[in-house]
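Participant: I have a structure here, written as C-alpha cells, and I will follow up with some questions on it.
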Amino acid sequence: MAMFSGKTALITGSGAGIGRATALKFAAEGANVVVSDIHAAGGEETVAMIHKAGGRAMFQLADVSDSADVAALVAGAVDEYGRLDCAVNNAGIEGRIAPLGDQTEANYDAIMAINAKGTFLCLREEIRHMLAEGGGAIVNLSSVAGLIGFPGLSPYVASKHAVIGMTRNAALEYGKAGIRVNAVCPGGIDTRMLDSLADQATGGSRSSQQMMDPLHPIGHIGTPEEVANLIVWLCSPEASFMLGAVIPVDGGFVAQ
Ligand code: NAD
C-alpha cells in the first residue's frame, strides 16, 4: 500500500517549482493532495498533472500572507478530505537584490509578509487543526539563506532565518502533542526563483546553471524533485523521531 494512502497533504505555493514537485510526490505516494497557490493557472496545472497520473488532488487559491485566505485554505482541505495530516509551508518570494543600504522598505515588507508571516499564519492554522486530530507532520521551507548570509539578499536571508526560529519553537511547543515540525534548507534548485536571482545578479548574461553550478561542491544545482524527496520523507512514519530538525539539501553548499 502507498505510504500516504488515506492521508491528506497540503502544500502552499504548489503551482510551480519545489511545491509542485512535492505535490506530485505526495500524490504518487497515495495522498489526497491540496494544491494551493496565489496564481490559479499554475495550481490548476499541478492538479491536472496529478489527475493525469491517477492521483487525487484539489486546488484552492490562497495568498499565504492573508490570514482569512489561510483559514479558508485549511478549512477547505478538511472539508474536502476530512482531515489534515501533512502540511508543507513552501510559498515564498526572493524579492530584489541590493546591498542593505539600498534595500527598499517595500521589498522588505513584501518578502517578510510572504516568507515569514505567511509561514506563521499557515503554521498557526495547521497546528490548530492537527491538535484536534491528535497529530500531524509539517515541513517549512527555509533555505541555505536561513543558515548563512548572502550579500544582496538581506530581507530574504532575514525571512529564512525567521522560518528556522519558528520551526524550532513550534517543534518544542507541539512535539508532545504528536505534531512534528521540521525545516529543510535547499541550496540552488532549478526553478523560476533561481533564474530570477541569476538574472538580477548577472543582468541576464548568465543562466542559473552557469552562475550557480560551480558554487556547489557536488558540481551542480539541484532539482525540485531532490528537495521533494526529503520533504515527503520528513512527513512519513519513517521520520517518526525527526522533530525541530533543520536539514540542508544543498549539494554540500553549507559544508564549505
Ligand atoms: P517558485 O518561484 O518556482 O515557486 C514559488 C511558488 O509560490 C509559485 O507558484 C508562486 O506563485 C507561489 N507564491 C508566491 N507568493 C505566494 C503567496 N503570497 N501565496 C501563495 N503562493 C505564493 O520558487 P521555488 O524555487 O519553488 O521556491 C519554493 C520555496 O523554496 C520558497 O520558499 C523558496 O524560498 C525556497 N527555496 C528555493 C530555492 C531555490 O534555489 N529555488 C532555494 C532555497 C529555498
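Please note that chains go A, B, ... in the order of the C-alpha cells, that every chain numbers its residues from 1, and that ligands are numbered from 1 in the order shown.
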Go through the chains and note each residue within 8 Å of ligand 1, using only C-alpha atoms and all ligand atoms, then give the set as an mmCIF file with N, CA and C atoms, in the first residue's frame.

Facilitator:
```cif
data_model
loop_
_atom_site.group_PDB
_atom_site.id
_atom_site.type_symbol
_atom_site.label_atom_id
_atom_site.label_comp_id
_atom_site.auth_asym_id
_atom_site.auth_seq_id
_atom_site.Cartn_x
_atom_site.Cartn_y
_atom_site.Cartn_z
ATOM 1 N N THR A 12 1.566 24.710 0.169
ATOM 2 C CA THR A 12 1.384 26.080 -0.326
ATOM 3 C C THR A 12 2.402 26.358 -1.432
ATOM 4 N N GLY A 13 2.025 27.251 -2.343
ATOM 5 C CA GLY A 13 2.929 27.595 -3.447
ATOM 6 C C GLY A 13 3.224 26.408 -4.342
ATOM 7 N N SER A 14 2.235 25.535 -4.522
ATOM 8 C CA SER A 14 2.496 24.308 -5.287
ATOM 9 C C SER A 14 2.069 24.417 -6.749
ATOM 10 N N GLY A 15 1.960 25.653 -7.242
ATOM 11 C CA GLY A 15 1.686 25.866 -8.666
ATOM 12 C C GLY A 15 2.954 25.857 -9.500
ATOM 13 N N ALA A 16 4.110 25.658 -8.881
ATOM 14 C CA ALA A 16 5.378 25.664 -9.626
ATOM 15 C C ALA A 16 6.480 25.098 -8.739
ATOM 16 N N GLY A 17 7.634 24.871 -9.350
ATOM 17 C CA GLY A 17 8.887 24.621 -8.643
ATOM 18 C C GLY A 17 8.859 23.495 -7.613
ATOM 19 N N ILE A 18 9.457 23.772 -6.452
ATOM 20 C CA ILE A 18 9.603 22.766 -5.397
ATOM 21 C C ILE A 18 8.230 22.333 -4.879
ATOM 22 N N GLY A 19 7.296 23.284 -4.751
ATOM 23 C CA GLY A 19 5.951 22.966 -4.258
ATOM 24 C C GLY A 19 5.245 21.993 -5.187
ATOM 25 N N ARG A 20 5.346 22.236 -6.500
ATOM 26 C CA ARG A 20 4.716 21.320 -7.468
ATOM 27 C C ARG A 20 5.339 19.930 -7.365
ATOM 28 N N SER A 36 -2.176 24.507 -3.495
ATOM 29 C CA SER A 36 -2.587 25.896 -3.249
ATOM 30 C C SER A 36 -1.536 26.852 -3.782
ATOM 31 N N ASP A 37 -2.013 27.982 -4.313
ATOM 32 C CA ASP A 37 -1.077 28.976 -4.840
ATOM 33 C C ASP A 37 -1.833 30.303 -4.968
ATOM 34 N N ILE A 38 -1.064 31.372 -5.064
ATOM 35 C CA ILE A 38 -1.671 32.686 -5.296
ATOM 36 C C ILE A 38 -2.035 32.848 -6.781
ATOM 37 N N HIS A 39 -1.441 32.020 -7.635
ATOM 38 C CA HIS A 39 -1.733 32.027 -9.072
ATOM 39 C C HIS A 39 -2.510 30.773 -9.443
ATOM 40 N N GLY A 42 -1.091 28.021 -12.501
ATOM 41 C CA GLY A 42 -0.070 27.042 -12.116
ATOM 42 C C GLY A 42 -0.641 25.974 -11.209
ATOM 43 N N GLY A 43 -1.492 26.385 -10.273
ATOM 44 C CA GLY A 43 -2.085 25.433 -9.339
ATOM 45 C C GLY A 43 -2.989 24.438 -10.056
ATOM 46 N N LEU A 61 -7.179 28.491 -4.205
ATOM 47 C CA LEU A 61 -6.440 29.753 -4.302
ATOM 48 C C LEU A 61 -6.224 30.320 -2.897
ATOM 49 N N ALA A 62 -4.995 30.702 -2.578
ATOM 50 C CA ALA A 62 -4.760 31.357 -1.282
ATOM 51 C C ALA A 62 -3.451 32.135 -1.333
ATOM 52 N N ASP A 63 -3.517 33.329 -0.756
ATOM 53 C CA ASP A 63 -2.313 34.136 -0.541
ATOM 54 C C ASP A 63 -1.890 33.871 0.899
ATOM 55 N N VAL A 64 -0.699 33.301 1.086
ATOM 56 C CA VAL A 64 -0.315 32.885 2.444
ATOM 57 C C VAL A 64 -0.110 34.060 3.398
ATOM 58 N N SER A 65 -0.009 35.269 2.854
ATOM 59 C CA SER A 65 0.173 36.428 3.740
ATOM 60 C C SER A 65 -1.156 36.988 4.244
ATOM 61 N N ASP A 66 -2.272 36.346 3.838
ATOM 62 C CA ASP A 66 -3.623 36.818 4.206
ATOM 63 C C ASP A 66 -4.255 35.794 5.166
ATOM 64 N N ASN A 89 4.847 24.231 4.164
ATOM 65 C CA ASN A 89 4.767 25.691 4.017
ATOM 66 C C ASN A 89 5.909 26.134 3.112
ATOM 67 N N ASN A 90 5.575 26.176 1.816
ATOM 68 C CA ASN A 90 6.589 26.305 0.766
ATOM 69 C C ASN A 90 6.536 27.649 0.037
ATOM 70 N N ALA A 91 5.372 28.306 0.009
ATOM 71 C CA ALA A 91 5.250 29.548 -0.774
ATOM 72 C C ALA A 91 6.302 30.552 -0.319
ATOM 73 N N GLY A 92 6.954 31.178 -1.286
ATOM 74 C CA GLY A 92 7.967 32.162 -0.935
ATOM 75 C C GLY A 92 8.359 32.991 -2.138
ATOM 76 N N ILE A 93 8.954 34.139 -1.864
ATOM 77 C CA ILE A 93 9.458 35.009 -2.943
ATOM 78 C C ILE A 93 10.897 35.415 -2.603
ATOM 79 N N GLU A 94 11.630 35.796 -3.654
ATOM 80 C CA GLU A 94 13.036 36.156 -3.477
ATOM 81 C C GLU A 94 13.238 37.668 -3.385
ATOM 82 N N ALA A 113 6.266 39.548 4.571
ATOM 83 C CA ALA A 113 4.829 39.220 4.614
ATOM 84 C C ALA A 113 4.571 37.808 4.099
ATOM 85 N N ILE A 114 5.264 37.415 3.053
ATOM 86 C CA ILE A 114 5.010 36.087 2.462
ATOM 87 C C ILE A 114 5.867 35.010 3.138
ATOM 88 N N ASN A 115 7.170 35.248 3.226
ATOM 89 C CA ASN A 115 8.069 34.183 3.716
ATOM 90 C C ASN A 115 7.971 33.980 5.229
ATOM 91 N N GLY A 118 3.719 34.632 6.390
ATOM 92 C CA GLY A 118 2.959 33.568 5.717
ATOM 93 C C GLY A 118 3.199 32.218 6.380
ATOM 94 N N LEU A 141 9.731 25.489 4.458
ATOM 95 C CA LEU A 141 10.827 25.739 3.524
ATOM 96 C C LEU A 141 11.642 26.920 4.005
ATOM 97 N N SER A 142 12.823 26.606 4.551
ATOM 98 C CA SER A 142 13.794 27.666 4.776
ATOM 99 C C SER A 142 14.713 27.656 3.562
ATOM 100 N N SER A 143 16.017 27.719 3.778
ATOM 101 C CA SER A 143 16.971 27.839 2.660
ATOM 102 C C SER A 143 18.369 27.800 3.248
ATOM 103 N N VAL A 144 19.383 27.587 2.409
ATOM 104 C CA VAL A 144 20.744 27.823 2.906
ATOM 105 C C VAL A 144 20.863 29.278 3.366
ATOM 106 N N ALA A 145 20.000 30.131 2.822
ATOM 107 C CA ALA A 145 19.975 31.538 3.250
ATOM 108 C C ALA A 145 19.329 31.702 4.631
ATOM 109 N N TYR A 156 15.538 38.612 2.333
ATOM 110 C CA TYR A 156 15.290 37.178 2.109
ATOM 111 C C TYR A 156 16.007 36.351 3.172
ATOM 112 N N LYS A 160 14.264 33.847 5.956
ATOM 113 C CA LYS A 160 14.539 32.403 6.025
ATOM 114 C C LYS A 160 15.147 32.024 7.375
ATOM 115 N N CYS A 185 16.443 23.131 4.126
ATOM 116 C CA CYS A 185 17.218 24.277 3.654
ATOM 117 C C CYS A 185 17.856 23.948 2.310
ATOM 118 N N PRO A 186 17.112 24.179 1.219
ATOM 119 C CA PRO A 186 17.687 23.868 -0.087
ATOM 120 C C PRO A 186 18.827 24.824 -0.453
ATOM 121 N N GLY A 187 19.783 24.278 -1.231
ATOM 122 C CA GLY A 187 20.753 25.120 -1.922
ATOM 123 C C GLY A 187 20.123 25.591 -3.224
ATOM 124 N N GLY A 188 20.927 25.866 -4.232
ATOM 125 C CA GLY A 188 20.383 26.318 -5.515
ATOM 126 C C GLY A 188 19.582 25.209 -6.179
ATOM 127 N N ILE A 189 18.315 25.486 -6.457
ATOM 128 C CA ILE A 189 17.423 24.497 -7.075
ATOM 129 C C ILE A 189 16.879 25.091 -8.377
ATOM 130 N N ASP A 190 16.816 24.254 -9.398
ATOM 131 C CA ASP A 190 16.465 24.707 -10.744
ATOM 132 C C ASP A 190 14.971 25.070 -10.855
ATOM 133 N N THR A 191 14.641 26.304 -10.482
ATOM 134 C CA THR A 191 13.259 26.796 -10.570
ATOM 135 C C THR A 191 13.277 28.242 -11.071
ATOM 136 N N ARG A 192 12.065 28.795 -11.252
ATOM 137 C CA ARG A 192 11.949 30.197 -11.653
ATOM 138 C C ARG A 192 12.671 31.119 -10.684
ATOM 139 N N MET A 193 12.605 30.804 -9.388
ATOM 140 C CA MET A 193 13.215 31.681 -8.391
ATOM 141 C C MET A 193 14.720 31.818 -8.612
ATOM 142 N N LEU A 194 15.374 30.692 -8.873
ATOM 143 C CA LEU A 194 16.832 30.742 -9.064
ATOM 144 C C LEU A 194 17.159 31.479 -10.362
ATOM 145 N N GLY A 222 20.543 21.683 -7.721
ATOM 146 C CA GLY A 222 19.657 20.537 -7.524
ATOM 147 C C GLY A 222 18.359 20.663 -8.312
ATOM 148 N N PRO A 224 13.984 20.235 -8.227
ATOM 149 C CA PRO A 224 12.870 20.289 -7.266
ATOM 150 C C PRO A 224 12.547 18.918 -6.686
#
```

Participant: Enumerate, as a count of residues only, the complete set of residues in stretch 37-242 of chain A that a backbone-based DSSP assignment places in strand (DSSP E or B).

Facilitator: 27

Participant: Contacts of stretch 125-128 of chain A at 10 Å or less, counting only C-alpha atoms, minus same-chain residues fewer than 2 places along, as a ChimeraX atom specification?

Facilitator: /A:10,67,70-75,84-89,120-123,130-133,135-138,170,174,177,179-181

Participant: I need the residues from that last selection saved to file as a CSV table (one decimal), in the first residue's frame (with C-alpha atoms), if you can.

Facilitator:
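Full text of out-v1.csv as output:
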```csv
chain,number,residue,atom,x,y,z
A,10,LEU,CA,-1.5,20.5,1.9
A,67,SER,CA,-5.0,35.3,7.4
A,70,VAL,CA,-5.1,30.8,5.1
A,71,ALA,CA,-8.0,29.9,7.4
A,72,ALA,CA,-10.2,29.2,4.4
A,73,LEU,CA,-7.4,27.1,2.9
A,74,VAL,CA,-7.1,24.7,5.8
A,75,ALA,CA,-10.8,24.6,6.4
A,84,LEU,CA,-5.2,17.3,7.5
A,85,ASP,CA,-2.2,15.0,8.2
A,86,CYS,CA,0.7,16.8,6.4
A,87,ALA,CA,1.5,20.4,5.5
A,88,VAL,CA,4.3,21.9,3.6
A,89,ASN,CA,4.8,25.7,4.0
A,120,PHE,CA,3.5,31.9,10.8
A,121,LEU,CA,-0.1,32.1,9.6
A,122,CYS,CA,0.0,28.7,7.9
A,123,LEU,CA,1.7,27.0,10.9
A,130,MET,CA,-3.8,18.9,13.8
A,131,LEU,CA,-4.2,19.3,17.5
A,132,ALA,CA,-7.9,18.5,17.2
A,133,GLU,CA,-6.9,15.4,15.2
A,135,GLY,CA,-1.1,14.9,15.4
A,136,GLY,CA,0.5,15.5,12.1
A,137,ALA,CA,3.7,16.5,10.3
A,138,ILE,CA,4.7,19.9,9.0
A,170,ALA,CA,6.6,25.1,17.0
A,174,TYR,CA,3.8,20.8,19.9
A,177,ALA,CA,1.0,16.6,21.1
A,179,ILE,CA,2.8,17.3,15.7
A,180,ARG,CA,6.3,17.1,14.2
A,181,VAL,CA,7.6,20.3,12.7
```

Participant: For each of A:Trp233, A:Phe4, A:Tyr81, A:Phe241, take the minimum atom-to-atom distance to A:Ala57, counting only C-alpha atoms, then give the residue where this is smallest.

Facilitator: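 Checking each of A:Trp233, A:Phe4, A:Tyr81, A:Phe241 against A:Ala57, counting only C-alpha atoms, the winner is A:Tyr81.
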
Participant: How many Å separate atom CA of A:Arg56 from atom CA of A:Gly30?

Facilitator: 7.9 Å

Participant: Using only C-alpha atoms for the distances, tell me which of A:Met58, A:Ile247, A:Ala77, A:Leu153 is nearest to A:Ala27.

Facilitator: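 Result for the nearest residue to A:Ala27: A:Met58.
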
Participant: Figure out the distance between atom CA of A:Ala158 and atom CA of A:Thr104, please, to one decimal in Å.

Facilitator: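 Interatomic distance here is 14.4 Å.
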
Participant: To one decimal place, how far is atom CA of A:Phe253 from atom CA of A:Leu215 in Å?

Facilitator: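 Rounded to one decimal, the two atoms are 7.2 Å apart.
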
Participant: Determine which residues of stretch 34-152 of chain A receive a DSSP assignment of alpha helix (DSSP H), computed from the backbone, and state them as a PyMOL selection string.

Facilitator: chain A and resi 40-52+67-81+105-111+118-133

Participant: Can you tell me, as JSON, numbers by chain, what residues are no more than 9 Å from A:Lys25 when counting only C-alpha atoms, ignoring any on the same chain fewer than 3 positions away?

Facilitator: {"A": [20, 21, 22, 28, 29, 30, 31, 225, 228, 229, 232]}

Participant: I'd like the contact shell of stretch 203-211 of chain A - 7 Å cut-off, only C-alpha atoms, skipping same-chain residues fewer than 4 positions apart - returned as a list in words.

Facilitator: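 The filter keeps Leu194, Asp195, Ala198, Asp199 and Ile221 of chain A.
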
Participant: I need the chosen residues saved as a PDB file, in the first residue's frame, with C-alpha atoms.

Facilitator:
```pdb
ATOM      1  CA  LEU A 194      16.832  30.742  -9.064  1.00  0.00           C
ATOM      2  CA  ASP A 195      16.528  32.021 -12.667  1.00  0.00           C
ATOM      3  CA  ALA A 198      20.757  34.763 -11.591  1.00  0.00           C
ATOM      4  CA  ASP A 199      19.129  37.282 -13.945  1.00  0.00           C
ATOM      5  CA  ILE A 221      22.464  22.842  -8.684  1.00  0.00           C
TER       6      ILE A 221
END
```
